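Colleague: Take this structure, written in structure tokens, and hold onto it; I'll ask about it next.
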Amino acid sequence: MLKRVLEEPLVHFLALALAIFAGYALVGAGERQERIAVTAPKIEQMATLFTKTWQRPPSAAELKGLIDDYVKEEVLVRQALALGLDRDDAVVRRRLRQKMEFLNTADAEALEPTDAELEAYLTSNADAFRIKGMLAFEQVFLSPQRHGGRAKEEAGSILQILLSDPEANRSLLGDATLLPPEAALSDSASITQTFGADFAKALDQAPVDQWIGPVVSGFGLHLVRVTERVPDRTPSLGEVRDAVAREWTNARRSELEDQQFAKLLKGYTVTIESLVGKETGR
């Protein structure tokens, strides 16, 4: 058992640390000094980080270097604070603010919302989670380059054929194009991205299973039939639980942060000087 304990790397680290402490004690003997404690957990943390980085434990010299660097950093940081070098430093102030905000809102991360709380949040913020409507459609394309000034007239003639015979062979009625003759369920944003806003708006207003047109896009003229429409809807909690929980936590974090800051602010008297009557920019 004793042999196993002596073989533990942490025991070696602690033994080395004690030797290093003794060295510091001898060097500083007889002088009044502030105490810097390099604790066993701190040494273990440094050794663990080194091991994860380099995929091996540190040697005795490397561990001494880590401890020396930590002591140097601690001495310099304390000296800088004593000299007030942290004051009026935007970077330091921003970092300290971030740490305080983290401490003030850390409790929110540990909160586990109930289903009732999530349901209430989903109801209150339904628009944020709404599933956008989609539609599918068929089309017959006419190229302005091929038909010129007769494009709208010929589109009207083709539309009459489709209205009288909805199942007419569309490949014989329109022009060849790389655009798909049938488009699967897509939302308005996707349709707008491909065909343009006016085209998407016309389809949103079109009745289902009825040919309309001509509808203009950046490609040319289209005769279109909406074959399926799925309206906007608010999803159930089960469909968007992770997203709702994430946003609930964010909202709760913000609420707790505001509450904590309000408490802290009560301990301060804030005065704001007016610039009225003062010269500025000179």
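Naming works like this for the structure tokens: A, B, ... for the chains as they're shown, residue 1 at the start of each chain, ligands 1 onward in shown order.
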Tell me which protein, DNA and RNA residues are within 12 Å of Ala151 (chain A), counting only C-alpha atoms, leaving out same-chain ones fewer than 2 positions away, and put them as a list in words.
Modeller: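 My reading of the contact set: Phe141, Leu142, Ser143, Pro144, Gln145, Arg146, His147, Gly148, Gly149, Glu153, Glu154, Ala155, Gly156, Ser157, Ile158, Gly174, Asp175, Gly213, Pro214, Val215, Val216, Gly220, Leu221, His222 and Leu223 of chain A.
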Colleague: Could you turn the residues from that selection into a file that holds C-alpha atoms, as a PDB file, in the first residue's frame?
Modeller:
ATOM      1  CA  PHE A 141     -41.885  28.428 -67.897  1.00  0.00           C
ATOM      2  CA  LEU A 142     -41.815  30.850 -70.818  1.00  0.00           C
ATOM      3  CA  SER A 143     -38.581  32.527 -71.861  1.00  0.00           C
ATOM      4  CA  PRO A 144     -38.798  36.268 -72.747  1.00  0.00           C
ATOM      5  CA  GLN A 145     -35.809  35.833 -75.065  1.00  0.00           C
ATOM      6  CA  ARG A 146     -37.651  33.237 -77.105  1.00  0.00           C
ATOM      7  CA  HIS A 147     -41.101  34.824 -77.182  1.00  0.00           C
ATOM      8  CA  GLY A 148     -40.173  38.498 -77.078  1.00  0.00           C
ATOM      9  CA  GLY A 149     -43.166  40.855 -76.998  1.00  0.00           C
ATOM     10  CA  GLU A 153     -50.048  36.776 -74.845  1.00  0.00           C
ATOM     11  CA  GLU A 154     -48.752  33.244 -75.351  1.00  0.00           C
ATOM     12  CA  ALA A 155     -48.677  32.717 -71.588  1.00  0.00           C
ATOM     13  CA  GLY A 156     -52.344  33.652 -71.476  1.00  0.00           C
ATOM     14  CA  SER A 157     -53.133  31.110 -74.181  1.00  0.00           C
ATOM     15  CA  ILE A 158     -51.232  28.368 -72.344  1.00  0.00           C
ATOM     16  CA  GLY A 174     -43.517  25.663 -71.979  1.00  0.00           C
ATOM     17  CA  ASP A 175     -39.853  26.276 -72.770  1.00  0.00           C
ATOM     18  CA  GLY A 213     -50.314  33.457 -64.222  1.00  0.00           C
ATOM     19  CA  PRO A 214     -48.320  34.631 -65.783  1.00  0.00           C
ATOM     20  CA  VAL A 215     -46.191  35.246 -62.677  1.00  0.00           C
ATOM     21  CA  VAL A 216     -42.985  37.180 -63.318  1.00  0.00           C
ATOM     22  CA  GLY A 220     -39.067  35.065 -67.120  1.00  0.00           C
ATOM     23  CA  LEU A 221     -42.773  34.210 -67.034  1.00  0.00           C
ATOM     24  CA  HIS A 222     -44.336  31.318 -65.145  1.00  0.00           C
ATOM     25  CA  LEU A 223     -47.721  29.653 -65.081  1.00  0.00           C
TER      26      LEU A 223
END
Colleague: Could you state the separation of CA of Asp88 (chain A) and CA of Met100 (chain A) in Å, given to one decimal place?
Modeller: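 Pair CA of Asp88 (chain A) / CA of Met100 (chain A) returns 17.3 Å.
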Colleague: Which residues, written as a VMD selection string, have at least one atom at most 12 Å from Glu167 (chain A), with only C-alpha atoms counted and residues fewer than 4 positions away on the same chain left out?
Modeller: chain A and resid 138 161 to 163 171 to 173 209 to 211 225
Colleague: Out of region 85-141 of chain A, which residues get alpha helix (DSSP H) from DSSP, as a PyMOL selection string?
Modeller: chain A and resi 90-110+115-124+126-129
Colleague: Give me the residues of region 46-129 of chain A that have any atom at most 12 Å from an atom of region 231-247 of chain A; for each, the nearest atom pair and the distance in Å, rounded to one decimal. Use only C-alpha atoms, sort by chain and number, and format it as a Markdown table.
Modeller:
| residue | atom | partner | partner_atom | distance |
| --- | --- | --- | --- | --- |
| A:Ala108 | CA | A:Arg246 | CA | 11.1 |
| A:Glu109 | CA | A:Arg246 | CA | 10.0 |
| A:Leu111 | CA | A:Ala245 | CA | 10.4 |
| A:Glu112 | CA | A:Ala245 | CA | 8.7 |
| A:Pro113 | CA | A:Ala245 | CA | 7.3 |
| A:Thr114 | CA | A:Ala245 | CA | 9.5 |
| A:Asp115 | CA | A:Leu237 | CA | 8.5 |
| A:Ala116 | CA | A:Leu237 | CA | 10.2 |
| A:Glu117 | CA | A:Ala245 | CA | 9.4 |
| A:Leu118 | CA | A:Val244 | CA | 6.6 |
| A:Glu119 | CA | A:Leu237 | CA | 6.5 |
| A:Ala120 | CA | A:Leu237 | CA | 10.0 |
| A:Tyr121 | CA | A:Val244 | CA | 7.5 |
| A:Leu122 | CA | A:Val244 | CA | 6.6 |
| A:Thr123 | CA | A:Thr234 | CA | 8.8 |
| A:Ser124 | CA | A:Val244 | CA | 11.1 |
| A:Asn125 | CA | A:Val244 | CA | 9.3 |
| A:Ala126 | CA | A:Thr234 | CA | 6.3 |
| A:Asp127 | CA | A:Thr234 | CA | 7.7 |
| A:Ala128 | CA | A:Thr234 | CA | 9.3 |
| A:Phe129 | CA | A:Thr234 | CA | 6.7 |
Colleague: Those same residues - N, CA, C and O atoms - I'd like them written as a PDB file, in the first residue's frame.
Modeller:
ATOM      1  N   ALA A 108     -28.407  30.958 -12.672  1.00  0.00           N
ATOM      2  CA  ALA A 108     -29.395  30.670 -13.715  1.00  0.00           C
ATOM      3  C   ALA A 108     -29.064  29.387 -14.460  1.00  0.00           C
ATOM      4  O   ALA A 108     -29.958  28.675 -14.932  1.00  0.00           O
ATOM      5  N   GLU A 109     -27.774  29.073 -14.577  1.00  0.00           N
ATOM      6  CA  GLU A 109     -27.373  27.872 -15.298  1.00  0.00           C
ATOM      7  C   GLU A 109     -27.821  26.608 -14.575  1.00  0.00           C
ATOM      8  O   GLU A 109     -28.010  25.571 -15.204  1.00  0.00           O
ATOM      9  N   LEU A 111     -30.586  26.297 -12.864  1.00  0.00           N
ATOM     10  CA  LEU A 111     -32.033  26.193 -12.778  1.00  0.00           C
ATOM     11  C   LEU A 111     -32.575  25.188 -13.788  1.00  0.00           C
ATOM     12  O   LEU A 111     -32.127  25.141 -14.927  1.00  0.00           O
ATOM     13  N   GLU A 112     -33.518  24.387 -13.367  1.00  0.00           N
ATOM     14  CA  GLU A 112     -34.172  23.425 -14.245  1.00  0.00           C
ATOM     15  C   GLU A 112     -35.640  23.825 -14.379  1.00  0.00           C
ATOM     16  O   GLU A 112     -36.411  23.687 -13.424  1.00  0.00           O
ATOM     17  N   PRO A 113     -36.031  24.347 -15.533  1.00  0.00           N
ATOM     18  CA  PRO A 113     -37.420  24.783 -15.679  1.00  0.00           C
ATOM     19  C   PRO A 113     -38.379  23.603 -15.684  1.00  0.00           C
ATOM     20  O   PRO A 113     -38.059  22.512 -16.172  1.00  0.00           O
ATOM     21  N   THR A 114     -39.559  23.823 -15.147  1.00  0.00           N
ATOM     22  CA  THR A 114     -40.602  22.807 -15.195  1.00  0.00           C
ATOM     23  C   THR A 114     -41.312  22.872 -16.544  1.00  0.00           C
ATOM     24  O   THR A 114     -41.191  23.859 -17.280  1.00  0.00           O
ATOM     25  N   ASP A 115     -42.057  21.831 -16.871  1.00  0.00           N
ATOM     26  CA  ASP A 115     -42.820  21.846 -18.118  1.00  0.00           C
ATOM     27  C   ASP A 115     -43.815  23.002 -18.134  1.00  0.00           C
ATOM     28  O   ASP A 115     -44.050  23.614 -19.184  1.00  0.00           O
ATOM     29  N   ALA A 116     -44.393  23.300 -16.981  1.00  0.00           N
ATOM     30  CA  ALA A 116     -45.362  24.400 -16.910  1.00  0.00           C
ATOM     31  C   ALA A 116     -44.689  25.732 -17.234  1.00  0.00           C
ATOM     32  O   ALA A 116     -45.255  26.575 -17.935  1.00  0.00           O
ATOM     33  N   GLU A 117     -43.470  25.922 -16.732  1.00  0.00           N
ATOM     34  CA  GLU A 117     -42.738  27.165 -17.014  1.00  0.00           C
ATOM     35  C   GLU A 117     -42.384  27.268 -18.487  1.00  0.00           C
ATOM     36  O   GLU A 117     -42.472  28.350 -19.094  1.00  0.00           O
ATOM     37  N   LEU A 118     -41.980  26.155 -19.073  1.00  0.00           N
ATOM     38  CA  LEU A 118     -41.641  26.163 -20.496  1.00  0.00           C
ATOM     39  C   LEU A 118     -42.877  26.383 -21.358  1.00  0.00           C
ATOM     40  O   LEU A 118     -42.822  27.102 -22.368  1.00  0.00           O
ATOM     41  N   GLU A 119     -43.972  25.777 -21.000  1.00  0.00           N
ATOM     42  CA  GLU A 119     -45.226  25.975 -21.735  1.00  0.00           C
ATOM     43  C   GLU A 119     -45.638  27.443 -21.683  1.00  0.00           C
ATOM     44  O   GLU A 119     -46.064  28.028 -22.689  1.00  0.00           O
ATOM     45  N   ALA A 120     -45.515  28.042 -20.501  1.00  0.00           N
ATOM     46  CA  ALA A 120     -45.880  29.450 -20.338  1.00  0.00           C
ATOM     47  C   ALA A 120     -44.960  30.336 -21.165  1.00  0.00           C
ATOM     48  O   ALA A 120     -45.407  31.304 -21.796  1.00  0.00           O
ATOM     49  N   TYR A 121     -43.672  30.000 -21.189  1.00  0.00           N
ATOM     50  CA  TYR A 121     -42.720  30.799 -21.974  1.00  0.00           C
ATOM     51  C   TYR A 121     -43.010  30.665 -23.465  1.00  0.00           C
ATOM     52  O   TYR A 121     -42.952  31.654 -24.210  1.00  0.00           O
ATOM     53  N   LEU A 122     -43.314  29.456 -23.906  1.00  0.00           N
ATOM     54  CA  LEU A 122     -43.642  29.228 -25.319  1.00  0.00           C
ATOM     55  C   LEU A 122     -44.891  30.010 -25.715  1.00  0.00           C
ATOM     56  O   LEU A 122     -44.940  30.627 -26.782  1.00  0.00           O
ATOM     57  N   THR A 123     -45.889  30.011 -24.841  1.00  0.00           N
ATOM     58  CA  THR A 123     -47.123  30.749 -25.134  1.00  0.00           C
ATOM     59  C   THR A 123     -46.873  32.245 -25.210  1.00  0.00           C
ATOM     60  O   THR A 123     -47.402  32.933 -26.092  1.00  0.00           O
ATOM     61  N   SER A 124     -46.048  32.757 -24.302  1.00  0.00           N
ATOM     62  CA  SER A 124     -45.774  34.193 -24.268  1.00  0.00           C
ATOM     63  C   SER A 124     -44.871  34.650 -25.412  1.00  0.00           C
ATOM     64  O   SER A 124     -44.856  35.844 -25.741  1.00  0.00           O
ATOM     65  N   ASN A 125     -44.114  33.726 -25.973  1.00  0.00           N
ATOM     66  CA  ASN A 125     -43.170  34.082 -27.032  1.00  0.00           C
ATOM     67  C   ASN A 125     -43.404  33.230 -28.279  1.00  0.00           C
ATOM     68  O   ASN A 125     -42.458  32.783 -28.930  1.00  0.00           O
ATOM     69  N   ALA A 126     -44.668  33.029 -28.582  1.00  0.00           N
ATOM     70  CA  ALA A 126     -45.031  32.118 -29.673  1.00  0.00           C
ATOM     71  C   ALA A 126     -44.401  32.521 -31.007  1.00  0.00           C
ATOM     72  O   ALA A 126     -43.965  31.657 -31.785  1.00  0.00           O
ATOM     73  N   ASP A 127     -44.325  33.816 -31.279  1.00  0.00           N
ATOM     74  CA  ASP A 127     -43.795  34.262 -32.576  1.00  0.00           C
ATOM     75  C   ASP A 127     -42.341  33.851 -32.772  1.00  0.00           C
ATOM     76  O   ASP A 127     -41.908  33.606 -33.901  1.00  0.00           O
ATOM     77  N   ALA A 128     -41.587  33.798 -31.690  1.00  0.00           N
ATOM     78  CA  ALA A 128     -40.171  33.449 -31.793  1.00  0.00           C
ATOM     79  C   ALA A 128     -39.965  31.988 -32.187  1.00  0.00           C
ATOM     80  O   ALA A 128     -38.914  31.628 -32.728  1.00  0.00           O
ATOM     81  N   PHE A 129     -40.964  31.144 -31.920  1.00  0.00           N
ATOM     82  CA  PHE A 129     -40.823  29.720 -32.203  1.00  0.00           C
ATOM     83  C   PHE A 129     -41.768  29.242 -33.311  1.00  0.00           C
ATOM     84  O   PHE A 129     -41.806  28.049 -33.616  1.00  0.00           O
TER      85      PHE A 129
END
Colleague: Got a sec: who's within 9 Å of Ile67 (chain A), counting only C-alpha atoms, leaving out chain neighbours fewer than 2 positions off, as a list in words?
Modeller: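 Everything that qualifies: Ala17, Ile20, Val38, Ile43, Met46, Glu62, Leu63, Lys64, Gly65, Asp69, Tyr70, Val71 and Lys72 of chain A.
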Colleague: Selection from above, N, CA, C and O atoms, as a PDB file, in the first residue's frame, can you write it?
Modeller:
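Okay, result_38.pdb is ready:
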ATOM      1  N   ALA A  17       7.163  20.198  -4.575  1.00  0.00           N
ATOM      2  CA  ALA A  17       6.649  21.502  -4.172  1.00  0.00           C
ATOM      3  C   ALA A  17       7.179  21.892  -2.793  1.00  0.00           C
ATOM      4  O   ALA A  17       7.543  23.051  -2.565  1.00  0.00           O
ATOM      5  N   ILE A  20      10.581  23.131  -3.146  1.00  0.00           N
ATOM      6  CA  ILE A  20      10.598  24.484  -3.718  1.00  0.00           C
ATOM      7  C   ILE A  20      10.219  25.500  -2.648  1.00  0.00           C
ATOM      8  O   ILE A  20      10.825  26.574  -2.546  1.00  0.00           O
ATOM      9  N   VAL A  38       1.198  28.336  -2.736  1.00  0.00           N
ATOM     10  CA  VAL A  38       0.953  27.498  -3.910  1.00  0.00           C
ATOM     11  C   VAL A  38       0.429  26.172  -3.386  1.00  0.00           C
ATOM     12  O   VAL A  38       1.197  25.302  -2.963  1.00  0.00           O
ATOM     13  N   ILE A  43      -1.079  22.986  -7.610  1.00  0.00           N
ATOM     14  CA  ILE A  43       0.008  22.249  -8.266  1.00  0.00           C
ATOM     15  C   ILE A  43      -0.558  21.119  -9.115  1.00  0.00           C
ATOM     16  O   ILE A  43      -0.133  20.890 -10.251  1.00  0.00           O
ATOM     17  N   MET A  46      -1.961  22.560 -12.292  1.00  0.00           N
ATOM     18  CA  MET A  46      -0.918  22.898 -13.261  1.00  0.00           C
ATOM     19  C   MET A  46      -0.367  21.640 -13.931  1.00  0.00           C
ATOM     20  O   MET A  46      -0.147  21.606 -15.141  1.00  0.00           O
ATOM     21  N   GLU A  62      10.328  20.793 -15.160  1.00  0.00           N
ATOM     22  CA  GLU A  62       9.178  21.459 -15.772  1.00  0.00           C
ATOM     23  C   GLU A  62       8.156  21.871 -14.725  1.00  0.00           C
ATOM     24  O   GLU A  62       7.567  22.959 -14.808  1.00  0.00           O
ATOM     25  N   LEU A  63       7.943  21.016 -13.736  1.00  0.00           N
ATOM     26  CA  LEU A  63       7.008  21.365 -12.673  1.00  0.00           C
ATOM     27  C   LEU A  63       7.527  22.551 -11.879  1.00  0.00           C
ATOM     28  O   LEU A  63       6.769  23.461 -11.522  1.00  0.00           O
ATOM     29  N   LYS A  64       8.829  22.571 -11.621  1.00  0.00           N
ATOM     30  CA  LYS A  64       9.424  23.718 -10.920  1.00  0.00           C
ATOM     31  C   LYS A  64       9.229  24.988 -11.747  1.00  0.00           C
ATOM     32  O   LYS A  64       8.937  26.061 -11.226  1.00  0.00           O
ATOM     33  N   GLY A  65       9.377  24.855 -13.078  1.00  0.00           N
ATOM     34  CA  GLY A  65       9.180  26.017 -13.945  1.00  0.00           C
ATOM     35  C   GLY A  65       7.749  26.522 -13.886  1.00  0.00           C
ATOM     36  O   GLY A  65       7.510  27.736 -13.881  1.00  0.00           O
ATOM     37  N   ASP A  69       6.746  30.167 -12.482  1.00  0.00           N
ATOM     38  CA  ASP A  69       6.003  31.107 -13.319  1.00  0.00           C
ATOM     39  C   ASP A  69       4.745  31.588 -12.607  1.00  0.00           C
ATOM     40  O   ASP A  69       4.374  32.765 -12.706  1.00  0.00           O
ATOM     41  N   TYR A  70       4.091  30.682 -11.891  1.00  0.00           N
ATOM     42  CA  TYR A  70       2.898  31.068 -11.136  1.00  0.00           C
ATOM     43  C   TYR A  70       3.249  32.071 -10.044  1.00  0.00           C
ATOM     44  O   TYR A  70       2.549  33.070  -9.849  1.00  0.00           O
ATOM     45  N   VAL A  71       4.357  31.803  -9.319  1.00  0.00           N
ATOM     46  CA  VAL A  71       4.794  32.709  -8.256  1.00  0.00           C
ATOM     47  C   VAL A  71       5.144  34.076  -8.849  1.00  0.00           C
ATOM     48  O   VAL A  71       4.779  35.127  -8.307  1.00  0.00           O
ATOM     49  N   LYS A  72       5.841  34.066  -9.985  1.00  0.00           N
ATOM     50  CA  LYS A  72       6.208  35.329 -10.636  1.00  0.00           C
ATOM     51  C   LYS A  72       4.959  36.118 -11.021  1.00  0.00           C
ATOM     52  O   LYS A  72       4.875  37.328 -10.811  1.00  0.00           O
TER      53      LYS A  72
END
Colleague: DSSP on the backbone: which residues in region 42-198 of chain A end up as strand (DSSP E)? Give the answer as a PyMOL selection string.
Modeller: chain A and resi 134-142+182-187
Colleague: Neighbouring residues of Leu264 (chain A) were defined as those with any atom within 12 Å, considering only C-alpha atoms; residues of the same chain fewer than 4 positions away were excluded. Please report them as a list in words.
Modeller: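 After dropping sequence-adjacent residues, the list is Met100, Glu101, Asn104, Glu257, Asp258, Gln259, Gln260, Tyr268 and Thr269 of chain A.
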Colleague: Could you tell me how far CA of Gln160 (chain A) lies from CA of Gly218 (chain A), in Å and to one decimal?
Modeller: 23.5 Å
